[in-house]
Amino acid sequence: MKAITVEPMKPESARYEDFPEPDESEGSILVEAVACGVCGTDVDIVSGNYGWAPPGKSRLVLGHESLGRVIDPGPRSSLKKGDLVVGIVRRPDPVPCPNCAVGEWDMCTNGQYTERGIKEIHGFMSERWRIEPEYAIKVDSSLGILGVLLEPMTVITKALEQVFRAGQRAFWEPKTALVTGAGPIGLLAALRLRANNLDVHVLDRNKTGPKPDLVHAMGATYHTGRALDLDFDPDIIIECTGVGSVIGDSIQKVGSGGIICLTGVGSGGVESRAVGDIAKAAVLKNNLIVGSVNANKRHWYRAGQNLAASDRAWLSRMITRREKPENFQQALVRQPGDVKVIIQFSEV
Ligand code: BGC
């Protein structure tokens, strides 16, 4: 079969190439790939900045935002041939740490977790892949290709859970939310915050393209420029850019008792504002900054419900480009107007 593979930490090593069929040790369910979403993490891996091959191997099959069709459900699953499934990304560490021991692999404390398509386990950008029944999530068949948005939805489901749980540290009635960055994660965050009846604002640097319309269509307000120039102090900020200056502005701008959730993975850089000044603003306003990564089964289950309940026409506008696997390089290069780019392996 064919797969999109990469030698992690080596730029320009990605290839669409012949690759052995998935081994039965990778799971008893055999799946035919339908599509795989592309995100910043994939770009980071292909650029040689992130990612780990399986132990003893030099190449990693890329892809963690999966959607596939069951070819063979195997002996141990309740799935049927033809069902649409998405694979959970992370596996618990083998020690295990206390969080992995209770199924909270997203909160792994010793860093020995593994992740499909990212860290030491092959991903889903291959014509066929295998998965263990306990890590296969059945998708509402009426979602069709939109099921490829499930993985990013899990990331947001966890992030918002963290925010609302953390908010219980004091009396808290959030009314306004700001999302920084109108990429797929930011837009899904805004969609879910709207579903929670908040007054939602989205800030992005793009003045044109599909993003402003997508934001207006969900009943939220679109802004460009700096968070510091907004005429309100948000109760919640979901930071989805990973850009230091945007994070600094967010910490300064959030309202008293407000919560900032960092979801973007940036790459450092020189910051203009001293960390001490930024921290002072957080202390004096009792702000909480919470980092959030990945998702566990609780979030996957909830995200499946949330995705199925979302406006399908709106969701389909988020998928702005589909590329063939042999053109995967094009999928990894950002083009004007891109929101979610997917690599499509077969018709849904
Ligand atoms: C994925 C997460 C993963 C994180 C860090 C993200 O792109 O969506 O599942 O935990 O990268 O590797």
# chains A, B, ... in the order shown; residues from 1 in each chain; ligands from 1
>>> residues_around(residues="Ile236 of chain A", least_positions_apart="5", cutoff="12 Å", atoms="only C-alpha atoms", output="ChimeraX atom specification")
/A:159-160,162-164,166-167,172-180,189-190,193,198-202,250-251,253-262,287-290
>>> residues_near_ligand(ligand="ligand 1", cutoff="7 Å", atoms="only C-alpha atoms and all ligand atoms", output="PyMOL selection string")
chain A and resi 39-41+64+89-90+115+118+151-152+155+293-295
>>> write_last_selection(atoms="N, CA, C and O atoms", output="PDB file, in the first residue's frame")
ATOM      1  N   CYS A  39      -2.595  19.625  10.146  1.00  0.00           N
ATOM      2  CA  CYS A  39      -2.542  20.746  11.099  1.00  0.00           C
ATOM      3  C   CYS A  39      -1.112  21.210  11.295  1.00  0.00           C
ATOM      4  O   CYS A  39      -0.181  20.654  10.715  1.00  0.00           O
ATOM      5  N   GLY A  40      -0.950  22.221  12.131  1.00  0.00           N
ATOM      6  CA  GLY A  40       0.369  22.801  12.373  1.00  0.00           C
ATOM      7  C   GLY A  40       1.374  21.778  12.874  1.00  0.00           C
ATOM      8  O   GLY A  40       2.572  21.863  12.569  1.00  0.00           O
ATOM      9  N   THR A  41       0.902  20.792  13.630  1.00  0.00           N
ATOM     10  CA  THR A  41       1.814  19.759  14.140  1.00  0.00           C
ATOM     11  C   THR A  41       2.411  18.961  12.972  1.00  0.00           C
ATOM     12  O   THR A  41       3.601  18.643  12.972  1.00  0.00           O
ATOM     13  N   HIS A  64      -2.654  12.422  12.181  1.00  0.00           N
ATOM     14  CA  HIS A  64      -3.368  12.083  13.429  1.00  0.00           C
ATOM     15  C   HIS A  64      -4.825  12.535  13.412  1.00  0.00           C
ATOM     16  O   HIS A  64      -5.563  12.248  14.331  1.00  0.00           O
ATOM     17  N   VAL A  89      -5.718   9.502  19.252  1.00  0.00           N
ATOM     18  CA  VAL A  89      -4.326   9.809  18.919  1.00  0.00           C
ATOM     19  C   VAL A  89      -3.342   9.251  19.957  1.00  0.00           C
ATOM     20  O   VAL A  89      -2.365   8.598  19.618  1.00  0.00           O
ATOM     21  N   ARG A  90      -3.624   9.509  21.236  1.00  0.00           N
ATOM     22  CA  ARG A  90      -2.611   9.217  22.266  1.00  0.00           C
ATOM     23  C   ARG A  90      -2.816   7.849  22.930  1.00  0.00           C
ATOM     24  O   ARG A  90      -3.959   7.407  23.091  1.00  0.00           O
ATOM     25  N   GLU A 115       1.952   8.830  20.577  1.00  0.00           N
ATOM     26  CA  GLU A 115       0.864   9.440  19.796  1.00  0.00           C
ATOM     27  C   GLU A 115       0.943   8.994  18.357  1.00  0.00           C
ATOM     28  O   GLU A 115       2.016   9.051  17.744  1.00  0.00           O
ATOM     29  N   ILE A 118       2.660  11.051  15.438  1.00  0.00           N
ATOM     30  CA  ILE A 118       3.445  12.127  16.046  1.00  0.00           C
ATOM     31  C   ILE A 118       4.617  11.537  16.840  1.00  0.00           C
ATOM     32  O   ILE A 118       5.763  11.869  16.606  1.00  0.00           O
ATOM     33  N   GLU A 151     -11.145  14.958  15.545  1.00  0.00           N
ATOM     34  CA  GLU A 151      -9.934  15.101  16.380  1.00  0.00           C
ATOM     35  C   GLU A 151      -9.743  16.543  16.840  1.00  0.00           C
ATOM     36  O   GLU A 151      -9.568  16.795  18.047  1.00  0.00           O
ATOM     37  N   PRO A 152      -9.775  17.548  15.919  1.00  0.00           N
ATOM     38  CA  PRO A 152      -9.663  18.923  16.438  1.00  0.00           C
ATOM     39  C   PRO A 152     -10.779  19.276  17.423  1.00  0.00           C
ATOM     40  O   PRO A 152     -10.554  20.011  18.390  1.00  0.00           O
ATOM     41  N   VAL A 155      -9.824  18.264  20.947  1.00  0.00           N
ATOM     42  CA  VAL A 155      -8.842  19.162  21.572  1.00  0.00           C
ATOM     43  C   VAL A 155      -9.575  20.337  22.233  1.00  0.00           C
ATOM     44  O   VAL A 155      -9.252  20.745  23.355  1.00  0.00           O
ATOM     45  N   VAL A 293      -3.588  20.300  26.280  1.00  0.00           N
ATOM     46  CA  VAL A 293      -3.174  19.535  25.099  1.00  0.00           C
ATOM     47  C   VAL A 293      -3.929  18.209  25.059  1.00  0.00           C
ATOM     48  O   VAL A 293      -4.321  17.676  26.101  1.00  0.00           O
ATOM     49  N   ASN A 294      -4.159  17.723  23.829  1.00  0.00           N
ATOM     50  CA  ASN A 294      -4.670  16.372  23.623  1.00  0.00           C
ATOM     51  C   ASN A 294      -6.060  16.193  24.250  1.00  0.00           C
ATOM     52  O   ASN A 294      -6.735  17.169  24.603  1.00  0.00           O
ATOM     53  N   ALA A 295      -6.522  14.946  24.374  1.00  0.00           N
ATOM     54  CA  ALA A 295      -7.874  14.667  24.865  1.00  0.00           C
ATOM     55  C   ALA A 295      -7.961  13.208  25.258  1.00  0.00           C
ATOM     56  O   ALA A 295      -7.290  12.359  24.658  1.00  0.00           O
TER      57      ALA A 295
END
>>> residues_around(residues="Ala195 of chain A", least_positions_apart="6", cutoff="10 Å", atoms="only C-alpha atoms", output="compact mmCIF listing (two decimals) with N, CA, C and O atoms, in the first residue's frame")
# COMPACT_ATOMS: atom_id res chain seq x y z
N ALA A 189 -13.54 26.30 18.71
CA ALA A 189 -13.68 26.83 20.08
C ALA A 189 -14.81 27.85 20.11
O ALA A 189 -15.67 27.83 21.00
N MET A 218 -21.90 32.15 12.82
CA MET A 218 -22.25 31.49 14.10
C MET A 218 -22.75 32.50 15.13
O MET A 218 -23.01 32.14 16.28
N ASN A 306 -20.89 16.55 20.20
CA ASN A 306 -20.88 17.97 19.82
C ASN A 306 -20.79 18.14 18.31
O ASN A 306 -21.46 19.00 17.73
N SER A 310 -23.62 19.79 15.56
CA SER A 310 -23.27 21.09 14.97
C SER A 310 -23.90 21.24 13.59
O SER A 310 -24.23 20.26 12.92
>>> select_by_dssp(residues="segment 218-340 of chain A", states="alpha helix (DSSP H)", output="VMD selection string")
chain A and resid 244 to 253 275 to 284 297 to 309 312 to 318 328 to 331
>>> select_by_dssp(residues="segment 19-53 of chain A", states="strand (DSSP E or B)", output="PDB file with N, CA and C atoms, in the first residue's frame")
ATOM      1  N   ILE A  29      -8.770  -4.171  14.277  1.00  0.00           N
ATOM      2  CA  ILE A  29      -9.717  -3.592  13.311  1.00  0.00           C
ATOM      3  C   ILE A  29      -8.922  -3.072  12.111  1.00  0.00           C
ATOM      4  N   LEU A  30      -9.332  -3.497  10.918  1.00  0.00           N
ATOM      5  CA  LEU A  30      -8.669  -3.020   9.703  1.00  0.00           C
ATOM      6  C   LEU A  30      -9.546  -1.955   9.057  1.00  0.00           C
ATOM      7  N   VAL A  31      -8.925  -0.835   8.724  1.00  0.00           N
ATOM      8  CA  VAL A  31      -9.670   0.339   8.250  1.00  0.00           C
ATOM      9  C   VAL A  31      -9.095   0.831   6.923  1.00  0.00           C
ATOM     10  N   GLU A  32      -9.995   1.248   6.035  1.00  0.00           N
ATOM     11  CA  GLU A  32      -9.564   1.890   4.794  1.00  0.00           C
ATOM     12  C   GLU A  32      -9.608   3.397   5.022  1.00  0.00           C
ATOM     13  N   ALA A  33      -8.515   4.077   4.717  1.00  0.00           N
ATOM     14  CA  ALA A  33      -8.472   5.533   4.962  1.00  0.00           C
ATOM     15  C   ALA A  33      -9.450   6.259   4.044  1.00  0.00           C
ATOM     16  N   VAL A  34     -10.188   7.198   4.620  1.00  0.00           N
ATOM     17  CA  VAL A  34     -11.035   8.095   3.822  1.00  0.00           C
ATOM     18  C   VAL A  34     -10.326   9.442   3.691  1.00  0.00           C
ATOM     19  N   ALA A  35      -9.926  10.011   4.832  1.00  0.00           N
ATOM     20  CA  ALA A  35      -9.269  11.323   4.794  1.00  0.00           C
ATOM     21  C   ALA A  35      -8.449  11.529   6.053  1.00  0.00           C
ATOM     22  N   CYS A  36      -7.560  12.489   5.961  1.00  0.00           N
ATOM     23  CA  CYS A  36      -6.769  12.893   7.130  1.00  0.00           C
ATOM     24  C   CYS A  36      -6.618  14.404   7.083  1.00  0.00           C
ATOM     25  N   GLY A  37      -6.913  15.055   8.184  1.00  0.00           N
ATOM     26  CA  GLY A  37      -6.726  16.498   8.248  1.00  0.00           C
ATOM     27  C   GLY A  37      -5.249  16.817   8.448  1.00  0.00           C
ATOM     28  N   VAL A  38      -4.888  18.020   8.040  1.00  0.00           N
ATOM     29  CA  VAL A  38      -3.515  18.479   8.202  1.00  0.00           C
ATOM     30  C   VAL A  38      -3.536  19.631   9.199  1.00  0.00           C
ATOM     31  N   TRP A  52       8.668  11.711  16.379  1.00  0.00           N
ATOM     32  CA  TRP A  52       9.535  10.601  16.734  1.00  0.00           C
ATOM     33  C   TRP A  52       9.077   9.363  15.944  1.00  0.00           C
TER      34      TRP A  52
END
>>> residues_around(residues="Lys2 of chain A", least_positions_apart="4", cutoff="7 Å", atoms="only C-alpha atoms", output="list in words")
Tyr16, Glu17, Asp18, Phe19, Ser126 and Glu127 of chain A
>>> atom_distance(atom1="atom CA of Met9 of chain A", atom2="atom CA of Ile45 of chain A")
7.0 Å
>>> residues_around(residues="Gly117 of chain A", least_positions_apart="4", cutoff="7 Å", atoms="only C-alpha atoms", output="ChimeraX atom specification")
/A:60-64,121-124
>>> atom_distance(atom1="atom CA of Val283 of chain A", atom2="atom CA of Gly181 of chain A")
25.0 Å
